[in-house]
$ cat data27.cif   # mmCIF, C-alpha atoms
data_coords
loop_
_atom_site.group_PDB
_atom_site.id
_atom_site.type_symbol
_atom_site.label_atom_id
_atom_site.label_comp_id
_atom_site.auth_asym_id
_atom_site.auth_seq_id
_atom_site.Cartn_x
_atom_site.Cartn_y
_atom_site.Cartn_z
ATOM 1 C CA MET A 229 36.327 -13.818 19.809
ATOM 2 C CA SER A 230 35.263 -11.170 22.278
ATOM 3 C CA SER A 231 33.256 -8.303 20.902
ATOM 4 C CA THR A 232 32.536 -4.834 22.136
ATOM 5 C CA PRO A 233 29.122 -4.064 23.627
ATOM 6 C CA ALA A 234 28.227 -1.873 20.613
ATOM 7 C CA LEU A 235 29.205 -4.633 18.165
ATOM 8 C CA GLU A 236 27.207 -7.203 20.137
ATOM 9 C CA VAL A 237 24.127 -4.930 20.096
ATOM 10 C CA LEU A 238 24.526 -4.519 16.311
ATOM 11 C CA ILE A 239 24.775 -8.289 15.794
ATOM 12 C CA GLN A 240 21.755 -8.998 18.005
ATOM 13 C CA THR A 241 19.764 -6.272 16.239
ATOM 14 C CA LEU A 242 20.593 -7.718 12.800
ATOM 15 C CA ARG A 243 19.399 -11.111 14.045
ATOM 16 C CA ARG A 244 15.899 -9.651 14.346
ATOM 17 C CA LEU A 245 15.632 -9.728 10.551
ATOM 18 C CA PRO A 246 13.839 -12.787 9.126
ATOM 19 C CA GLY A 247 16.174 -15.583 8.087
ATOM 20 C CA VAL A 248 19.232 -14.006 9.719
ATOM 21 C CA GLY A 249 21.035 -16.206 12.214
ATOM 22 C CA ILE A 250 24.034 -15.431 14.375
ATOM 23 C CA LYS A 251 26.646 -16.156 11.672
ATOM 24 C CA SER A 252 24.880 -14.078 9.020
ATOM 25 C CA ALA A 253 24.414 -11.219 11.487
ATOM 26 C CA GLN A 254 28.112 -11.347 12.376
ATOM 27 C CA ARG A 255 29.133 -11.328 8.686
ATOM 28 C CA MET A 256 26.923 -8.307 8.006
ATOM 29 C CA ALA A 257 28.160 -6.408 11.055
ATOM 30 C CA PHE A 258 31.821 -7.171 10.335
ATOM 31 C CA HIS A 259 31.407 -6.217 6.672
ATOM 32 C CA LEU A 260 29.763 -2.902 7.461
ATOM 33 C CA LEU A 261 32.327 -1.948 10.091
ATOM 34 C CA GLN A 262 35.388 -3.246 8.252
ATOM 35 C CA HIS A 263 34.632 -2.440 4.615
ATOM 36 C CA ASP A 264 31.680 -0.065 4.373
ATOM 37 C CA ARG A 265 31.372 2.421 7.221
ATOM 38 C CA ALA A 266 29.696 4.901 4.891
ATOM 39 C CA GLY A 267 27.153 2.191 4.020
ATOM 40 C CA ALA A 268 26.580 1.541 7.714
ATOM 41 C CA VAL A 269 25.852 5.218 8.306
ATOM 42 C CA ALA A 270 23.576 5.374 5.229
ATOM 43 C CA LEU A 271 21.725 2.249 6.416
ATOM 44 C CA SER A 272 21.287 3.754 9.864
ATOM 45 C CA ARG A 273 19.882 6.982 8.413
ATOM 46 C CA ALA A 274 17.565 5.122 6.010
ATOM 47 C CA LEU A 275 16.202 2.961 8.850
ATOM 48 C CA GLN A 276 15.668 6.006 11.067
ATOM 49 C CA GLU A 277 13.942 7.893 8.234
ATOM 50 C CA ALA A 278 11.659 4.961 7.386
ATOM 51 C CA ALA A 279 10.815 4.240 11.027
ATOM 52 C CA SER A 280 9.925 7.908 11.564
ATOM 53 C CA ASN A 281 8.011 8.611 8.345
ATOM 54 C CA VAL A 282 6.412 5.434 7.016
ATOM 55 C CA ARG A 283 2.894 4.726 8.258
ATOM 56 C CA HIS A 284 -0.199 2.899 6.992
ATOM 57 C CA CYS A 285 -2.398 4.198 4.200
ATOM 58 C CA GLU A 286 -5.765 5.152 5.715
ATOM 59 C CA ARG A 287 -7.634 3.414 2.916
ATOM 60 C CA CYS A 288 -5.756 0.217 2.031
ATOM 61 C CA HIS A 289 -3.407 -0.169 5.025
ATOM 62 C CA THR A 290 -0.201 -0.550 2.959
ATOM 63 C CA PHE A 291 2.946 1.424 3.761
ATOM 64 C CA SER A 292 2.863 5.099 2.819
ATOM 65 C CA GLU A 293 4.491 8.351 3.822
ATOM 66 C CA ALA A 294 1.233 10.234 3.226
ATOM 67 C CA CYS A 295 -2.255 9.643 4.620
ATOM 68 C CA MET A 296 -3.178 7.878 1.354
ATOM 69 C CA CYS A 297 -0.807 5.863 -0.818
ATOM 70 C CA ALA A 298 -0.191 6.590 -4.507
ATOM 71 C CA THR A 299 -2.148 3.501 -5.590
ATOM 72 C CA CYS A 300 -5.306 4.571 -3.739
ATOM 73 C CA LEU A 301 -4.993 8.085 -5.186
ATOM 74 C CA ASP A 302 -4.522 6.844 -8.779
ATOM 75 C CA HIS A 303 -7.776 7.661 -10.628
ATOM 76 C CA ARG A 304 -6.806 5.290 -13.468
ATOM 77 C CA ARG A 305 -7.294 2.269 -11.181
ATOM 78 C CA ASP A 306 -10.569 0.321 -11.192
ATOM 79 C CA PRO A 307 -12.274 1.019 -7.823
ATOM 80 C CA SER A 308 -14.774 -1.819 -8.331
ATOM 81 C CA LYS A 309 -12.045 -4.452 -7.825
ATOM 82 C CA LEU A 310 -10.415 -4.934 -4.427
ATOM 83 C CA CYS A 311 -7.505 -7.353 -4.092
ATOM 84 C CA VAL A 312 -6.806 -8.588 -0.564
ATOM 85 C CA VAL A 313 -3.172 -9.471 0.219
ATOM 86 C CA GLU A 314 -1.342 -10.376 3.409
ATOM 87 C CA THR A 315 1.622 -7.986 3.189
ATOM 88 C CA PRO A 316 2.992 -4.990 1.276
ATOM 89 C CA ALA A 317 5.530 -7.418 -0.256
ATOM 90 C CA ASP A 318 2.647 -9.447 -1.722
ATOM 91 C CA GLN A 319 1.126 -6.237 -3.095
ATOM 92 C CA ALA A 320 4.464 -5.290 -4.682
ATOM 93 C CA ALA A 321 4.706 -8.733 -6.317
ATOM 94 C CA LEU A 322 1.245 -8.337 -7.871
ATOM 95 C CA GLU A 323 2.072 -4.825 -9.035
ATOM 96 C CA ARG A 324 5.243 -6.047 -10.774
ATOM 97 C CA THR A 325 3.119 -8.286 -13.010
ATOM 98 C CA GLY A 326 1.334 -5.278 -14.502
ATOM 99 C CA ALA A 327 -1.758 -7.516 -14.849
ATOM 100 C CA TYR A 328 -3.921 -5.964 -12.119
ATOM 101 C CA ARG A 329 -5.313 -2.419 -12.281
ATOM 102 C CA GLY A 330 -7.717 -2.442 -9.334
ATOM 103 C CA LEU A 331 -7.183 -1.375 -5.728
ATOM 104 C CA TYR A 332 -5.841 -3.269 -2.700
ATOM 105 C CA PHE A 333 -6.399 -3.987 0.938
ATOM 106 C CA VAL A 334 -3.320 -5.130 2.876
ATOM 107 C CA LEU A 335 -4.101 -7.234 5.949
ATOM 108 C CA MET A 336 -0.599 -6.962 7.456
ATOM 109 C CA GLY A 337 -0.868 -10.596 8.471
ATOM 110 C CA LYS A 338 -3.081 -13.663 8.401
ATOM 111 C CA LEU A 339 -5.325 -15.484 10.826
ATOM 112 C CA SER A 340 -3.323 -17.774 13.073
ATOM 113 C CA PRO A 341 -5.187 -18.868 16.219
ATOM 114 C CA LEU A 342 -2.158 -20.841 17.438
ATOM 115 C CA ASP A 343 -0.169 -17.589 17.467
ATOM 116 C CA GLY A 344 -3.060 -15.629 18.985
ATOM 117 C CA ILE A 345 -3.786 -13.704 15.760
ATOM 118 C CA GLY A 346 -7.517 -13.265 15.248
ATOM 119 C CA PRO A 347 -9.813 -11.205 12.996
ATOM 120 C CA HIS A 348 -9.282 -7.971 14.981
ATOM 121 C CA ASP A 349 -5.501 -8.277 14.703
ATOM 122 C CA ILE A 350 -5.541 -8.186 10.895
ATOM 123 C CA GLY A 351 -8.235 -5.554 10.487
ATOM 124 C CA LEU A 352 -11.079 -7.628 9.059
ATOM 125 C CA LYS A 353 -13.684 -5.076 10.183
ATOM 126 C CA LYS A 354 -11.863 -2.347 8.261
ATOM 127 C CA LEU A 355 -11.647 -4.655 5.219
ATOM 128 C CA PHE A 356 -15.371 -5.449 5.384
ATOM 129 C CA ASP A 357 -16.236 -1.741 5.701
ATOM 130 C CA ARG A 358 -14.070 -0.995 2.673
ATOM 131 C CA ALA A 359 -15.459 -3.874 0.600
ATOM 132 C CA LEU A 360 -19.028 -2.836 1.381
ATOM 133 C CA ASP A 361 -18.560 0.834 0.478
ATOM 134 C CA GLY A 362 -20.946 0.541 -2.480
ATOM 135 C CA THR A 363 -18.181 0.867 -5.096
ATOM 136 C CA VAL A 364 -16.513 -2.536 -4.779
ATOM 137 C CA THR A 365 -18.217 -5.323 -6.751
ATOM 138 C CA GLU A 366 -15.457 -7.971 -6.726
ATOM 139 C CA VAL A 367 -13.066 -8.960 -3.948
ATOM 140 C CA ILE A 368 -10.044 -10.928 -5.148
ATOM 141 C CA LEU A 369 -8.510 -13.044 -2.380
ATOM 142 C CA ALA A 370 -4.755 -13.166 -2.934
ATOM 143 C CA THR A 371 -3.673 -14.550 0.428
ATOM 144 C CA ASN A 372 -0.909 -17.122 0.399
ATOM 145 C CA PHE A 373 -1.649 -20.808 -0.153
ATOM 146 C CA THR A 374 -0.599 -21.797 3.365
ATOM 147 C CA ALA A 375 -2.966 -23.226 5.969
ATOM 148 C CA GLU A 376 -3.253 -19.785 7.599
ATOM 149 C CA GLY A 377 -3.675 -18.017 4.249
ATOM 150 C CA GLU A 378 -6.410 -20.451 3.212
ATOM 151 C CA ALA A 379 -8.192 -20.002 6.558
ATOM 152 C CA THR A 380 -7.977 -16.226 6.189
ATOM 153 C CA ALA A 381 -9.393 -16.400 2.637
ATOM 154 C CA HIS A 382 -12.207 -18.668 3.833
ATOM 155 C CA VAL A 383 -13.249 -16.331 6.666
ATOM 156 C CA ILE A 384 -13.204 -13.298 4.350
ATOM 157 C CA SER A 385 -15.097 -15.173 1.642
ATOM 158 C CA GLU A 386 -17.811 -16.346 4.024
ATOM 159 C CA GLY A 387 -18.187 -12.885 5.523
ATOM 160 C CA LEU A 388 -18.518 -11.066 2.196
ATOM 161 C CA ARG A 389 -20.292 -13.553 -0.062
ATOM 162 C CA ALA A 390 -23.441 -13.318 2.078
ATOM 163 C CA ARG A 391 -23.518 -9.590 1.343
ATOM 164 C CA GLY A 392 -23.790 -10.037 -2.425
ATOM 165 C CA LEU A 393 -20.220 -9.366 -3.515
ATOM 166 C CA THR A 394 -18.423 -11.505 -6.078
ATOM 167 C CA ILE A 395 -15.555 -13.251 -4.332
ATOM 168 C CA THR A 396 -12.723 -14.759 -6.383
ATOM 169 C CA ARG A 397 -9.480 -16.485 -5.383
ATOM 170 C CA LEU A 398 -6.159 -16.478 -7.172
ATOM 171 C CA ALA A 399 -5.804 -19.587 -9.307
ATOM 172 C CA ARG A 400 -3.146 -22.087 -8.385
ATOM 173 C CA GLY A 401 -1.563 -24.777 -10.426
ATOM 174 C CA VAL A 402 1.389 -25.902 -12.471
ATOM 175 C CA PRO A 403 3.908 -23.107 -13.107
ATOM 176 C CA ALA A 404 4.424 -22.089 -16.736
ATOM 177 C CA GLY A 405 7.447 -23.771 -18.289
ATOM 178 C CA SER A 406 7.573 -26.619 -15.793
ATOM 179 C CA GLU A 407 7.523 -30.349 -16.449
ATOM 180 C CA LEU A 408 4.895 -32.377 -14.581
ATOM 181 C CA GLU A 409 7.311 -35.031 -13.359
ATOM 182 C CA TYR A 410 9.173 -32.347 -11.348
ATOM 183 C CA VAL A 411 6.123 -30.569 -9.904
ATOM 184 C CA ASP A 412 5.084 -31.513 -6.351
ATOM 185 C CA LEU A 413 1.971 -33.656 -6.025
ATOM 186 C CA GLY A 414 -0.027 -31.081 -4.079
ATOM 187 C CA THR A 415 0.390 -28.537 -6.882
ATOM 188 C CA ILE A 416 -0.669 -31.066 -9.509
ATOM 189 C CA ALA A 417 -3.716 -32.054 -7.423
ATOM 190 C CA HIS A 418 -4.810 -28.420 -7.048
ATOM 191 C CA ALA A 419 -4.269 -27.820 -10.782
ATOM 192 C CA LEU A 420 -6.577 -30.741 -11.569
ATOM 193 C CA VAL A 421 -9.282 -29.520 -9.206
ATOM 194 C CA ASP A 422 -9.026 -25.902 -10.427
ATOM 195 C CA ARG A 423 -8.769 -26.785 -14.132
ATOM 196 C CA ARG A 424 -10.671 -24.657 -16.653
#
$ encode --input "data27.cif" --output "structure tokens"
Amino acid sequence: MSSTPALEVLIQTLRRLPGVGIKSAQRMAFHLLQHDRAGAVALSRALQEAASNVRHCERCHTFSEACMCATCLDHRRDPSKLCVVETPADQAALERTGAYRGLYFVLMGKLSPLDGIGPHDIGLKKLFDRALDGTVTEVILATNFTAEGEATAHVISEGLRARGLTITRLARGVPAGSELEYVDLGTIAHALVDRR
């Protein structure tokens, strides 16, 4: 099938999204143009609005439309606890639990020397300055349990522990409601090591 230049640009642009291949991008483009032109226009406006108005919070580095995000401005939060996450999506997941009432620092990535991502690229200096502001007493490392996430947590831990802060790491182990015979061996091994 031949497509118009505008349709081809739309398909290639949709392919920039994570996990979207050529067929998925085509399905989305065809759906929007064939069945939901109003949705296509609304999506275009929403993307333009977000791209123009969303920036990083000056304090925690998450997405915000103001200089400081609502979480950093919330006086009911515990300023002595600072949870370090890789992305705003990770922060949102923690917030949905309702179990954490401290503040955050969002790295916007993780250390990955193979990809050329070092400490300066994820703002470790800004994190260290924030953690050492005299208010923070505990830094909770909530990076992902990937090789890069573990390396990032290790570098942060080593850099802050020497300065007298309490450094903790999210626990990992067997998910609630699961049966051991169906849990992968790596998870079971970590649960045994991290048992309480």
$ closest_residue --input "data27.cif" --among "A:Asp412, A:Glu286, A:Asp306, A:Glu293" --to "Glu366 of chain A" --atoms "only C-alpha atoms"
A:Asp306
$ resolve_selection --input "data27.cif" --expression "the PyMOL selection byres ((chain A and resi 312-325) around 9)" --output "ChimeraX atom specification"
/A:289-291,310-311,326-329,331-338,350,355,367-372,377,381
$ resolve_selection --input "data27.cif" --expression "the PyMOL selection byres ((chain A and resi 254) around 9)" --output "CSV table (one decimal) with C-alpha atoms, in the frame of the given file"
chain,number,residue,atom,x,y,z
A,235,LEU,CA,29.2,-4.6,18.2
A,236,GLU,CA,27.2,-7.2,20.1
A,238,LEU,CA,24.5,-4.5,16.3
A,239,ILE,CA,24.8,-8.3,15.8
A,240,GLN,CA,21.8,-9.0,18.0
A,242,LEU,CA,20.6,-7.7,12.8
A,243,ARG,CA,19.4,-11.1,14.0
A,249,GLY,CA,21.0,-16.2,12.2
A,250,ILE,CA,24.0,-15.4,14.4
A,251,LYS,CA,26.6,-16.2,11.7
A,252,SER,CA,24.9,-14.1,9.0
A,253,ALA,CA,24.4,-11.2,11.5
A,255,ARG,CA,29.1,-11.3,8.7
A,256,MET,CA,26.9,-8.3,8.0
A,257,ALA,CA,28.2,-6.4,11.1
A,258,PHE,CA,31.8,-7.2,10.3
A,259,HIS,CA,31.4,-6.2,6.7
$ residues_around --input "data27.cif" --residues "Asp349 of chain A" --least-positions-apart "2" --cutoff "12 Å" --atoms "all atoms listed in the file" --output "list in words"
Leu335, Met336, Gly337, Lys338, Leu339, Ser340, Pro341, Asp343, Gly344, Ile345, Gly346, Pro347, Gly351, Leu352, Lys353, Lys354, Leu355 and Thr380 of chain A
$ write_last_selection --input "data27.cif" --atoms "C-alpha atoms" --output "mmCIF file, keeping the file's coordinate frame"
data_model
loop_
_atom_site.group_PDB
_atom_site.id
_atom_site.type_symbol
_atom_site.label_atom_id
_atom_site.label_comp_id
_atom_site.auth_asym_id
_atom_site.auth_seq_id
_atom_site.Cartn_x
_atom_site.Cartn_y
_atom_site.Cartn_z
ATOM 1 C CA LEU A 335 -4.101 -7.234 5.949
ATOM 2 C CA MET A 336 -0.599 -6.962 7.456
ATOM 3 C CA GLY A 337 -0.868 -10.596 8.471
ATOM 4 C CA LYS A 338 -3.081 -13.663 8.401
ATOM 5 C CA LEU A 339 -5.325 -15.484 10.826
ATOM 6 C CA SER A 340 -3.323 -17.774 13.073
ATOM 7 C CA PRO A 341 -5.187 -18.868 16.219
ATOM 8 C CA ASP A 343 -0.169 -17.589 17.467
ATOM 9 C CA GLY A 344 -3.060 -15.629 18.985
ATOM 10 C CA ILE A 345 -3.786 -13.704 15.760
ATOM 11 C CA GLY A 346 -7.517 -13.265 15.248
ATOM 12 C CA PRO A 347 -9.813 -11.205 12.996
ATOM 13 C CA GLY A 351 -8.235 -5.554 10.487
ATOM 14 C CA LEU A 352 -11.079 -7.628 9.059
ATOM 15 C CA LYS A 353 -13.684 -5.076 10.183
ATOM 16 C CA LYS A 354 -11.863 -2.347 8.261
ATOM 17 C CA LEU A 355 -11.647 -4.655 5.219
ATOM 18 C CA THR A 380 -7.977 -16.226 6.189
#
$ axis_aligned_box --input "data27.cif" --around "segment 272-290 of chain A" --padding-each-side "8 Å" --output "lines of an AutoDock Vina configuration file"
center_x = 6.8
center_y = 4.0
center_z = 6.8
size_x = 44.9
size_y = 25.2
size_z = 25.5
$ residues_near_point --input "data27.cif" --point "(-18.1, -3.0, 0.8)" --cutoff "10 Å" --atoms "all atoms listed in the file" --output "list in words"
Ser308, Leu310, Lys354, Leu355, Phe356, Asp357, Arg358, Ala359, Leu360, Asp361, Gly362, Thr363, Val364, Thr365, Glu366, Val367, Leu388, Arg391, Gly392 and Leu393 of chain A
$ residues_around --input "data27.cif" --residues "Gly401 of chain A" --least-positions-apart "2" --cutoff "7 Å" --atoms "all atoms listed in the file" --output "list of chain:residue names"
A:Ala399, A:Pro403, A:Thr415, A:Ile416, A:His418, A:Ala419
$ residues_near_point --input "data27.cif" --point "(5.1, 9.1, 3.8)" --cutoff "10 Å" --atoms "all atoms listed in the file" --output "PyMOL selection string"
chain A and resi 277-278+280-285+291-297
$ atom_distance --input "data27.cif" --atom1 "atom CA of Tyr410 of chain A" --atom2 "atom CA of Arg423 of chain A"
19.0 Å
$ atom_distance --input "data27.cif" --atom1 "atom CA of Ala379 of chain A" --atom2 "atom CA of Ala417 of chain A"
19.0 Å
$ atom_distance --input "data27.cif" --atom1 "atom CA of Ala274 of chain A" --atom2 "atom CA of Val248 of chain A"
19.6 Å
$ build_atoms --input "data27.cif" --residues "segment 390-404 of chain A" --atoms "N, CA, C and O atoms" --output "PDB file, in the coordinates of the input"
ATOM      1  N   ALA A 390     -22.062 -13.463   1.597  1.00  0.00           N
ATOM      2  CA  ALA A 390     -23.441 -13.318   2.078  1.00  0.00           C
ATOM      3  C   ALA A 390     -23.982 -11.910   1.831  1.00  0.00           C
ATOM      4  O   ALA A 390     -25.183 -11.698   1.861  1.00  0.00           O
ATOM      5  N   ARG A 391     -23.089 -10.979   1.557  1.00  0.00           N
ATOM      6  CA  ARG A 391     -23.518  -9.590   1.343  1.00  0.00           C
ATOM      7  C   ARG A 391     -23.607  -9.232  -0.142  1.00  0.00           C
ATOM      8  O   ARG A 391     -23.678  -8.064  -0.500  1.00  0.00           O
ATOM      9  N   GLY A 392     -23.545 -10.250  -1.006  1.00  0.00           N
ATOM     10  CA  GLY A 392     -23.790 -10.037  -2.425  1.00  0.00           C
ATOM     11  C   GLY A 392     -22.597  -9.675  -3.281  1.00  0.00           C
ATOM     12  O   GLY A 392     -22.755  -9.394  -4.468  1.00  0.00           O
ATOM     13  N   LEU A 393     -21.402  -9.672  -2.719  1.00  0.00           N
ATOM     14  CA  LEU A 393     -20.220  -9.366  -3.515  1.00  0.00           C
ATOM     15  C   LEU A 393     -19.722 -10.610  -4.244  1.00  0.00           C
ATOM     16  O   LEU A 393     -19.880 -11.731  -3.763  1.00  0.00           O
ATOM     17  N   THR A 394     -19.094 -10.407  -5.384  1.00  0.00           N
ATOM     18  CA  THR A 394     -18.423 -11.505  -6.078  1.00  0.00           C
ATOM     19  C   THR A 394     -17.076 -11.710  -5.410  1.00  0.00           C
ATOM     20  O   THR A 394     -16.296 -10.754  -5.273  1.00  0.00           O
ATOM     21  N   ILE A 395     -16.815 -12.932  -4.987  1.00  0.00           N
ATOM     22  CA  ILE A 395     -15.555 -13.251  -4.332  1.00  0.00           C
ATOM     23  C   ILE A 395     -14.794 -14.218  -5.235  1.00  0.00           C
ATOM     24  O   ILE A 395     -15.328 -15.265  -5.609  1.00  0.00           O
ATOM     25  N   THR A 396     -13.558 -13.871  -5.577  1.00  0.00           N
ATOM     26  CA  THR A 396     -12.723 -14.759  -6.383  1.00  0.00           C
ATOM     27  C   THR A 396     -11.425 -15.023  -5.634  1.00  0.00           C
ATOM     28  O   THR A 396     -11.066 -14.288  -4.710  1.00  0.00           O
ATOM     29  N   ARG A 397     -10.741 -16.080  -6.026  1.00  0.00           N
ATOM     30  CA  ARG A 397      -9.480 -16.485  -5.383  1.00  0.00           C
ATOM     31  C   ARG A 397      -8.445 -16.634  -6.476  1.00  0.00           C
ATOM     32  O   ARG A 397      -8.756 -17.094  -7.578  1.00  0.00           O
ATOM     33  N   LEU A 398      -7.224 -16.259  -6.204  1.00  0.00           N
ATOM     34  CA  LEU A 398      -6.159 -16.478  -7.172  1.00  0.00           C
ATOM     35  C   LEU A 398      -6.138 -17.948  -7.570  1.00  0.00           C
ATOM     36  O   LEU A 398      -6.307 -18.826  -6.715  1.00  0.00           O
ATOM     37  N   ALA A 399      -5.921 -18.199  -8.846  1.00  0.00           N
ATOM     38  CA  ALA A 399      -5.804 -19.587  -9.307  1.00  0.00           C
ATOM     39  C   ALA A 399      -4.463 -20.145  -8.846  1.00  0.00           C
ATOM     40  O   ALA A 399      -3.511 -19.409  -8.595  1.00  0.00           O
ATOM     41  N   ARG A 400      -4.412 -21.445  -8.731  1.00  0.00           N
ATOM     42  CA  ARG A 400      -3.146 -22.087  -8.385  1.00  0.00           C
ATOM     43  C   ARG A 400      -2.986 -23.290  -9.287  1.00  0.00           C
ATOM     44  O   ARG A 400      -3.962 -23.874  -9.752  1.00  0.00           O
ATOM     45  N   GLY A 401      -1.780 -23.641  -9.550  1.00  0.00           N
ATOM     46  CA  GLY A 401      -1.563 -24.777 -10.426  1.00  0.00           C
ATOM     47  C   GLY A 401      -0.126 -24.911 -10.857  1.00  0.00           C
ATOM     48  O   GLY A 401       0.791 -24.403 -10.220  1.00  0.00           O
ATOM     49  N   VAL A 402       0.055 -25.594 -11.970  1.00  0.00           N
ATOM     50  CA  VAL A 402       1.389 -25.902 -12.471  1.00  0.00           C
ATOM     51  C   VAL A 402       2.025 -24.630 -13.031  1.00  0.00           C
ATOM     52  O   VAL A 402       1.423 -23.953 -13.859  1.00  0.00           O
ATOM     53  N   PRO A 403       3.241 -24.304 -12.594  1.00  0.00           N
ATOM     54  CA  PRO A 403       3.908 -23.107 -13.107  1.00  0.00           C
ATOM     55  C   PRO A 403       4.200 -23.220 -14.599  1.00  0.00           C
ATOM     56  O   PRO A 403       4.511 -24.309 -15.101  1.00  0.00           O
ATOM     57  N   ALA A 404       4.110 -22.096 -15.306  1.00  0.00           N
ATOM     58  CA  ALA A 404       4.424 -22.089 -16.736  1.00  0.00           C
ATOM     59  C   ALA A 404       5.871 -22.507 -16.948  1.00  0.00           C
ATOM     60  O   ALA A 404       6.754 -22.111 -16.193  1.00  0.00           O
TER      61      ALA A 404
END
